[in-house]
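The structure file data.tsv is reproduced below (TSV, C-alpha atoms).
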chain	number	residue	atom	x	y	z
K	1	MET	CA	-63.66	63.25	20.28
K	2	ALA	CA	-63.99	60.87	23.21
K	3	LEU	CA	-65.45	63.32	25.74
K	4	SER	CA	-69.02	64.60	25.78
K	5	ALA	CA	-69.89	68.28	25.77
K	6	ASP	CA	-70.79	68.05	29.45
K	7	GLU	CA	-67.45	66.43	30.32
K	8	ILE	CA	-65.57	69.13	28.41
K	9	ARG	CA	-67.47	71.91	30.14
K	10	SER	CA	-66.98	70.27	33.55
K	11	ALA	CA	-63.21	69.94	33.00
K	12	ALA	CA	-62.96	73.61	32.00
K	13	GLU	CA	-64.88	74.68	35.10
K	14	ARG	CA	-62.65	72.55	37.32
K	15	LEU	CA	-59.56	74.20	35.83
K	16	HIS	CA	-61.11	77.60	36.39
K	17	GLN	CA	-61.77	76.81	40.03
K	18	ALA	CA	-58.27	75.41	40.46
K	19	GLU	CA	-56.84	78.73	39.31
K	20	LYS	CA	-59.12	80.72	41.61
K	21	THR	CA	-58.49	78.56	44.69
K	22	ARG	CA	-54.84	77.76	43.87
K	23	ARG	CA	-55.58	74.08	44.44
K	24	GLN	CA	-54.52	71.70	41.69
K	25	ILE	CA	-56.87	69.11	40.26
K	26	ARG	CA	-56.20	65.49	39.34
K	27	GLN	CA	-54.80	64.80	35.90
K	28	LEU	CA	-57.59	64.84	33.34
K	29	SER	CA	-55.89	62.00	31.48
K	30	LEU	CA	-56.46	59.80	34.55
K	31	ASP	CA	-60.11	60.77	34.86
K	32	HIS	CA	-60.62	60.29	31.12
K	33	PRO	CA	-58.19	57.60	29.82
K	34	GLY	CA	-59.60	57.91	26.31
K	35	ILE	CA	-59.03	61.66	26.04
K	36	THR	CA	-57.74	62.91	22.67
K	37	LEU	CA	-55.81	65.99	21.57
K	38	GLU	CA	-59.06	67.30	20.09
K	39	ASP	CA	-60.73	66.90	23.49
K	40	ALA	CA	-57.85	68.71	25.21
K	41	TYR	CA	-58.09	71.71	22.89
K	42	ALA	CA	-61.87	71.72	23.33
K	43	ILE	CA	-61.38	71.96	27.11
K	44	GLN	CA	-58.90	74.80	26.63
K	45	LYS	CA	-61.36	76.60	24.37
K	46	ALA	CA	-64.14	76.18	26.95
K	47	TRP	CA	-61.86	77.54	29.68
K	48	VAL	CA	-60.99	80.58	27.55
K	49	ALA	CA	-64.72	81.14	26.97
K	50	ILE	CA	-65.25	81.24	30.74
K	51	LYS	CA	-62.49	83.83	31.09
K	52	VAL	CA	-63.85	85.98	28.24
K	53	ALA	CA	-67.33	85.84	29.79
K	54	GLU	CA	-65.76	87.30	32.94
K	55	GLY	CA	-64.34	90.23	30.96
K	56	ARG	CA	-60.93	89.01	29.85
K	57	ILE	CA	-59.64	89.90	26.36
K	58	VAL	CA	-57.68	87.61	24.04
K	59	LYS	CA	-54.35	89.30	23.27
K	60	GLY	CA	-52.47	86.55	21.48
K	61	HIS	CA	-51.10	83.02	21.58
K	62	LYS	CA	-48.30	80.97	23.06
K	63	ILE	CA	-46.54	78.00	21.52
K	64	GLY	CA	-44.90	75.30	23.60
K	65	LEU	CA	-43.05	72.02	23.24
K	66	THR	CA	-41.05	73.34	20.29
K	67	SER	CA	-37.87	71.38	21.01
K	68	LYS	CA	-37.31	67.89	19.63
K	69	ALA	CA	-36.20	66.70	23.08
K	70	MET	CA	-39.48	67.72	24.71
K	71	GLN	CA	-41.55	66.27	21.89
K	72	SER	CA	-39.74	62.95	22.14
K	73	ALA	CA	-40.19	62.89	25.92
K	74	LEU	CA	-43.96	63.29	25.52
K	75	ASN	CA	-44.19	61.01	22.47
K	76	ILE	CA	-45.59	63.72	20.18
K	77	ASP	CA	-44.39	65.12	16.88
K	78	GLU	CA	-45.64	68.72	16.99
K	79	PRO	CA	-45.80	71.67	19.40
K	80	ASP	CA	-48.83	72.70	21.45
K	81	SER	CA	-50.45	76.10	21.91
K	82	GLY	CA	-52.44	78.22	24.33
K	83	ILE	CA	-54.10	81.63	24.59
K	84	LEU	CA	-52.71	84.88	26.02
K	85	LEU	CA	-55.25	86.99	27.92
K	86	ASP	CA	-54.96	90.65	28.88
K	87	ASP	CA	-54.42	90.01	32.61
K	88	MET	CA	-51.42	87.76	31.88
K	89	PHE	CA	-49.17	90.68	30.87
K	90	PHE	CA	-46.73	92.06	33.47
K	91	ALA	CA	-44.41	95.05	33.15
K	92	ASP	CA	-40.71	94.61	32.47
K	93	GLY	CA	-38.95	95.06	35.81
K	94	GLY	CA	-42.28	94.90	37.60
K	95	LEU	CA	-43.80	92.78	40.30
K	96	VAL	CA	-45.46	89.43	39.69
K	97	PRO	CA	-47.86	88.55	42.54
K	98	SER	CA	-46.77	85.07	43.63
K	99	ASP	CA	-49.97	84.55	45.60
K	100	ARG	CA	-51.93	84.56	42.35
K	101	PHE	CA	-50.25	81.36	41.19
K	102	ILE	CA	-49.66	77.79	42.35
K	103	GLY	CA	-46.11	76.88	41.33
K	104	THR	CA	-44.42	79.16	38.82
K	105	ARG	CA	-41.61	78.50	36.38
K	106	VAL	CA	-40.10	80.88	33.83
K	107	GLU	CA	-38.85	80.43	30.28
K	108	ALA	CA	-36.99	82.73	27.85
K	109	GLU	CA	-38.55	83.26	24.44
K	110	LEU	CA	-39.00	85.62	21.52
K	111	ALA	CA	-42.39	87.26	21.08
K	112	PHE	CA	-43.70	88.19	17.62
K	113	ILE	CA	-45.96	91.23	17.39
K	114	MET	CA	-48.14	90.91	14.29
K	115	LYS	CA	-48.63	93.92	11.99
K	116	GLN	CA	-51.16	92.21	9.74
K	117	ARG	CA	-53.47	89.23	9.73
K	118	LEU	CA	-51.72	85.94	9.07
K	119	SER	CA	-53.72	82.86	8.15
K	120	GLY	CA	-53.04	79.32	6.98
K	121	PRO	CA	-52.98	76.85	5.49
K	122	ASN	CA	-49.63	76.74	3.71
K	123	CYS	CA	-48.17	79.56	5.81
K	124	THR	CA	-44.35	79.60	5.77
K	125	MET	CA	-41.69	81.26	7.92
K	126	PHE	CA	-41.31	83.87	5.19
K	127	ASP	CA	-45.00	84.74	5.45
K	128	VAL	CA	-44.50	85.10	9.20
K	129	LEU	CA	-41.55	87.46	8.79
K	130	ASN	CA	-43.50	89.59	6.30
K	131	ALA	CA	-46.52	89.78	8.63
K	132	THR	CA	-44.51	90.62	11.77
K	133	ASP	CA	-44.16	94.21	12.95
K	134	PHE	CA	-41.35	93.51	15.40
K	135	VAL	CA	-39.85	90.84	17.60
K	136	VAL	CA	-39.14	91.43	21.29
K	137	PRO	CA	-37.40	89.50	24.09
K	138	ALA	CA	-39.84	87.92	26.52
K	139	LEU	CA	-40.23	85.84	29.63
K	140	GLU	CA	-43.09	83.38	29.85
K	141	ILE	CA	-44.48	82.57	33.29
K	142	LEU	CA	-45.74	79.00	33.54
K	143	ASP	CA	-48.12	77.61	36.11
K	144	THR	CA	-50.07	74.38	36.36
K	145	ARG	CA	-53.60	73.96	37.53
K	146	ILE	CA	-53.19	70.19	37.14
K	147	GLU	CA	-50.98	68.00	39.33
K	148	ARG	CA	-47.62	67.28	37.72
K	149	VAL	CA	-47.41	63.90	39.48
K	150	ASP	CA	-50.43	61.98	40.69
K	151	PRO	CA	-49.95	61.22	44.42
K	152	VAL	CA	-51.55	57.77	44.12
K	153	THR	CA	-50.40	56.34	40.79
K	154	LYS	CA	-47.21	58.45	40.54
K	155	SER	CA	-48.04	59.01	36.87
K	156	THR	CA	-46.83	62.29	35.36
K	157	ARG	CA	-48.88	64.74	33.33
K	158	ARG	CA	-49.48	63.86	29.71
K	159	ILE	CA	-49.73	66.14	26.71
K	160	PHE	CA	-53.54	66.12	27.02
K	161	ASP	CA	-53.31	67.61	30.51
K	162	THR	CA	-50.90	70.32	29.42
K	163	ILE	CA	-52.99	71.39	26.42
K	164	ALA	CA	-56.24	71.45	28.40
K	165	ASP	CA	-54.43	73.59	31.00
K	166	ASN	CA	-53.85	76.34	28.38
K	167	ALA	CA	-50.42	74.86	27.59
K	168	ALA	CA	-49.41	75.74	31.19
K	169	ASN	CA	-49.38	79.45	30.41
K	170	ALA	CA	-49.97	81.96	33.20
K	171	GLY	CA	-48.11	85.17	32.33
K	172	ILE	CA	-45.80	87.06	30.03
K	173	VAL	CA	-43.24	89.85	30.41
K	174	LEU	CA	-42.09	91.77	27.33
K	175	GLY	CA	-38.89	93.82	27.47
K	176	GLY	CA	-35.48	94.48	25.99
K	177	ARG	CA	-34.99	96.10	22.61
K	178	PRO	CA	-37.61	95.47	19.92
K	179	LEU	CA	-36.19	94.54	16.53
K	180	ARG	CA	-37.56	94.25	13.05
K	181	PRO	CA	-37.68	90.67	11.75
K	182	ASP	CA	-34.84	91.33	9.28
K	183	ASP	CA	-32.60	93.18	11.76
K	184	ALA	CA	-30.89	89.94	12.76
K	185	ASP	CA	-30.73	86.23	12.09
K	186	LEU	CA	-33.30	85.28	14.71
K	187	ARG	CA	-31.81	81.81	15.10
K	188	TRP	CA	-28.71	83.29	16.73
K	189	ILE	CA	-30.44	85.46	19.30
K	190	GLY	CA	-29.59	83.99	22.67
K	191	ALA	CA	-30.25	84.64	26.34
K	192	LEU	CA	-28.40	84.27	29.62
K	193	CYS	CA	-31.02	83.60	32.26
K	194	TYR	CA	-30.42	84.45	35.91
K	195	ARG	CA	-32.29	83.78	39.13
K	196	ASN	CA	-31.21	86.09	41.94
K	197	SER	CA	-28.04	86.99	39.99
K	198	GLN	CA	-27.07	83.32	39.57
K	199	LEU	CA	-26.82	82.03	36.01
K	200	GLU	CA	-29.36	79.21	35.61
K	201	GLU	CA	-29.85	78.58	31.89
K	202	THR	CA	-28.61	79.69	28.47
K	203	GLY	CA	-29.97	79.04	25.01
K	204	LEU	CA	-30.34	80.09	21.38
K	205	ALA	CA	-33.61	80.77	19.57
K	206	ALA	CA	-32.59	78.18	16.96
K	207	GLY	CA	-33.74	75.65	19.56
K	208	VAL	CA	-37.28	76.56	18.53
K	209	LEU	CA	-37.80	74.37	15.44
K	210	ASN	CA	-34.49	75.70	14.02
K	211	HIS	CA	-36.13	79.14	13.59
K	212	PRO	CA	-38.78	80.75	15.81
K	213	ALA	CA	-40.72	82.00	12.77
K	214	THR	CA	-41.25	78.35	11.79
K	215	SER	CA	-43.06	77.91	15.10
K	216	VAL	CA	-45.38	80.84	14.39
K	217	ALA	CA	-46.09	79.45	10.91
K	218	TRP	CA	-47.04	76.11	12.50
K	219	LEU	CA	-49.57	77.89	14.71
K	220	ALA	CA	-51.12	79.84	11.83
K	221	ASN	CA	-51.57	76.60	9.91
K	222	LYS	CA	-52.87	74.73	12.95
K	223	ILE	CA	-55.64	77.17	13.85
K	224	ALA	CA	-56.68	77.69	10.21
K	225	ALA	CA	-58.63	74.44	10.41
K	226	ASN	CA	-60.93	76.17	12.90
K	227	GLY	CA	-61.35	79.25	10.73
K	228	LEU	CA	-58.96	81.27	12.90
K	229	ALA	CA	-55.89	83.37	12.13
K	230	LEU	CA	-53.22	85.41	13.88
K	231	GLU	CA	-54.61	88.93	14.00
K	232	ALA	CA	-52.85	92.29	13.65
K	233	GLY	CA	-51.58	93.52	17.00
K	234	GLN	CA	-51.60	90.08	18.62
K	235	VAL	CA	-48.58	88.80	20.54
K	236	VAL	CA	-47.29	85.34	19.71
K	237	LEU	CA	-44.80	83.65	22.04
K	238	ALA	CA	-42.79	81.45	19.70
K	239	GLY	CA	-41.54	78.92	22.25
K	240	SER	CA	-38.84	78.56	24.86
K	241	PHE	CA	-35.20	77.87	24.12
K	242	ILE	CA	-34.22	77.12	27.72
K	243	ARG	CA	-35.36	74.61	30.31
K	244	PRO	CA	-37.95	76.06	32.72
K	245	ILE	CA	-36.50	77.84	35.78
K	246	GLU	CA	-38.36	77.10	39.00
K	247	THR	CA	-39.28	80.26	40.92
K	248	ARG	CA	-40.37	81.08	44.44
K	249	LYS	CA	-41.68	84.15	46.20
K	250	GLY	CA	-38.83	86.66	46.51
K	251	ASP	CA	-37.02	85.56	43.35
K	252	THR	CA	-35.79	87.99	40.70
K	253	ILE	CA	-35.54	86.58	37.18
K	254	GLN	CA	-33.52	88.31	34.49
K	255	ALA	CA	-32.86	87.26	30.90
K	256	ASP	CA	-29.95	89.03	29.19
K	257	TYR	CA	-30.36	89.03	25.41
K	258	GLY	CA	-27.05	90.82	24.75
K	259	PRO	CA	-27.46	93.55	22.12
K	260	TRP	CA	-31.24	93.11	22.32
K	261	GLY	CA	-31.43	94.15	25.97
K	262	THR	CA	-32.75	92.52	29.11
K	263	VAL	CA	-36.15	91.54	30.47
K	264	ASN	CA	-36.78	90.84	34.13
K	265	CYS	CA	-39.40	90.50	36.85
K	266	TYR	CA	-39.65	90.08	40.61
K	267	PHE	CA	-41.94	87.52	42.23
K	268	ALA	CA	-43.41	89.49	45.12

Could you rewrite the structure in this file as structure tokens?
Amino acid sequence: MALSADEIRSAAERLHQAEKTRRQIRQLSLDHPGITLEDAYAIQKAWVAIKVAEGRIVKGHKIGLTSKAMQSALNIDEPDSGILLDDMFFADGGLVPSDRFIGTRVEAELAFIMKQRLSGPNCTMFDVLNATDFVVPALEILDTRIERVDPVTKSTRRIFDTIADNAANAGIVLGGRPLRPDDADLRWIGALCYRNSQLEETGLAAGVLNHPATSVAWLANKIAANGLALEAGQVVLAGSFIRPIETRKGDTIQADYGPWGTVNCYFA
């Protein structure tokens, strides 16, 4: 790790304040040119600790950057991950308070609800399917507490910034029709995604590492090195299979998963 414990704690506190004040901070990768992936996850962990100390409860995980195109664009060869907290969950068809966020975007995903503890290493997609209670359509709400483009250098966020910023996660909406893992070939579950009744994006879950359960297996193996596992009852967002849809106050977002129902929210 390149950053000291004090620098990690300071970065986490700055992110926390950015969320509270809705004022983005400068890219951490510019402030700390030597930052590593290990540092970024340490900052994320410190930020989660601040939230838990305030009374928040860890409810699961999110996985991002699961497409080859996104990984190539950021010059990485694996996904990233973040933590889902209890106050990030919004009701299907409900209101999402826009004033709580800075600049939201939405992605369509499949969420895995775990029925038993799943731990790595050597976890496979078959282990994931056996440990999953059901799979449900979901929307992930993204936000960024870190500037996407630095106003001075014009440099864009790097993977270190995204990971430190809890993989850009801010909210989740679960909806549609829950299904058992063997009810369908999960690769072929798709979504038509609308903003204000206008079709914006479409995609298939196969875009997530060819099978979304492979993404969940990656996470179980990744966190095993820290003595962690996916716990029974936790929600795991497997990764988006559409490009992010920019949203503004007053927007309604709906994802139509065909036979698996719809999930939607309104940015109030």

Can you pull out every residue within 7 Å of K:Lys249, counting all atoms listed in the file, but drop anything in the same chain fewer than 4 positions away, and send it as a list in words? Ser98, Phe267 and Ala268 of chain K

For those residues, write C-alpha atoms to a file as a compact mmCIF listing (two decimals), in the frame of the given file.
# COMPACT_ATOMS: atom_id res chain seq x y z
CA SER K 98 -46.77 85.07 43.63
CA PHE K 267 -41.94 87.52 42.23
CA ALA K 268 -43.41 89.49 45.12

Just checking: using only C-alpha atoms, which residue out of K:Lys222, K:Arg243, K:Arg177, K:Arg9 ends up closest to K:Pro79? K:Lys222

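When the distance limit is 12 Å and all atoms listed in the file are what count, the residues near stretch 182-185 of chain K, minus those fewer than 4 positions from it on the same chain, are Phe126, Val128, Leu129, Asn130, Ala131, Thr132, Asp133, Phe134, Val135, Val136, Arg177, Pro178, Ile189, Gly190, Leu204, Ala205, Ala206, Asn210, His211, Pro212, Ala213, Pro259 and Trp260 of chain K.
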
Atom CA of K:Gly64 and atom CA of K:Met88 are how many Å apart?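 Value for the atom CA of K:Gly64-atom CA of K:Met88 distance: 16.3 Å.
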
Between K:Glu78, K:Glu231, K:Asp6, K:Glu13, which one has atoms that come closest to K:Thr214, using all atoms listed in the file? K:Glu78

Each residue of stretch 34-56 of chain K with at least one atom at most 7 Å from stretch 145-164 of chain K should appear once, together with its nearest atom pair and the corresponding distance in Å (one decimal); atoms considered: all atoms listed in the file; ordering: chain, then increasing residue number; output as CSV.
residue,atom,partner,partner_atom,distance
K:Thr36,CA,K:Phe160,CA,6.8
K:Leu37,CA,K:Phe160,CA,5.9
K:Ala40,CA,K:Ala164,CA,4.5
K:Tyr41,CA,K:Ala164,CA,5.8
K:Ile43,CA,K:Ala164,CA,5.3
K:Gln44,CA,K:Ala164,CA,4.6

Written file, previous selection with C-alpha atoms, as a PDB file, in the frame of the given file:
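Result written to part-v5.pdb:
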ATOM      1  CA  THR K  36     -57.740  62.910  22.670  1.00  0.00           C
ATOM      2  CA  LEU K  37     -55.810  65.990  21.570  1.00  0.00           C
ATOM      3  CA  ALA K  40     -57.850  68.710  25.210  1.00  0.00           C
ATOM      4  CA  TYR K  41     -58.090  71.710  22.890  1.00  0.00           C
ATOM      5  CA  ILE K  43     -61.380  71.960  27.110  1.00  0.00           C
ATOM      6  CA  GLN K  44     -58.900  74.800  26.630  1.00  0.00           C
TER       7      GLN K  44
END

Find the axis-aligned box for stretch 53-61 of chain K, covering all its listed atoms and adding 5 Å on each side, and write its centre and edge lengths in Å to one decimal as lines of an AutoDock Vina configuration file.
center_x = -59.2
center_y = 86.6
center_z = 27.2
size_x = 26.2
size_y = 17.2
size_z = 21.5

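For the pair atom CA of K:Gln17 and atom CA of K:Asp143, the separation is 14.2 Å.
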
Looking at K:Arg14, K:Arg105, K:Lys59, K:Arg117, which one is nearest to K:Arg248, with distances taken over only C-alpha atoms? K:Arg105

Atom pair atom CA of K:Asp165 + atom CA of K:Ser67, distance 19.5 Å

Just give me the residues with any atom within 7 Å of (-49.5, 76.1, 7.3), file coordinates, counting only C-alpha atoms, written as a ChimeraX atom specification. /K:120-124,217-218,220-222
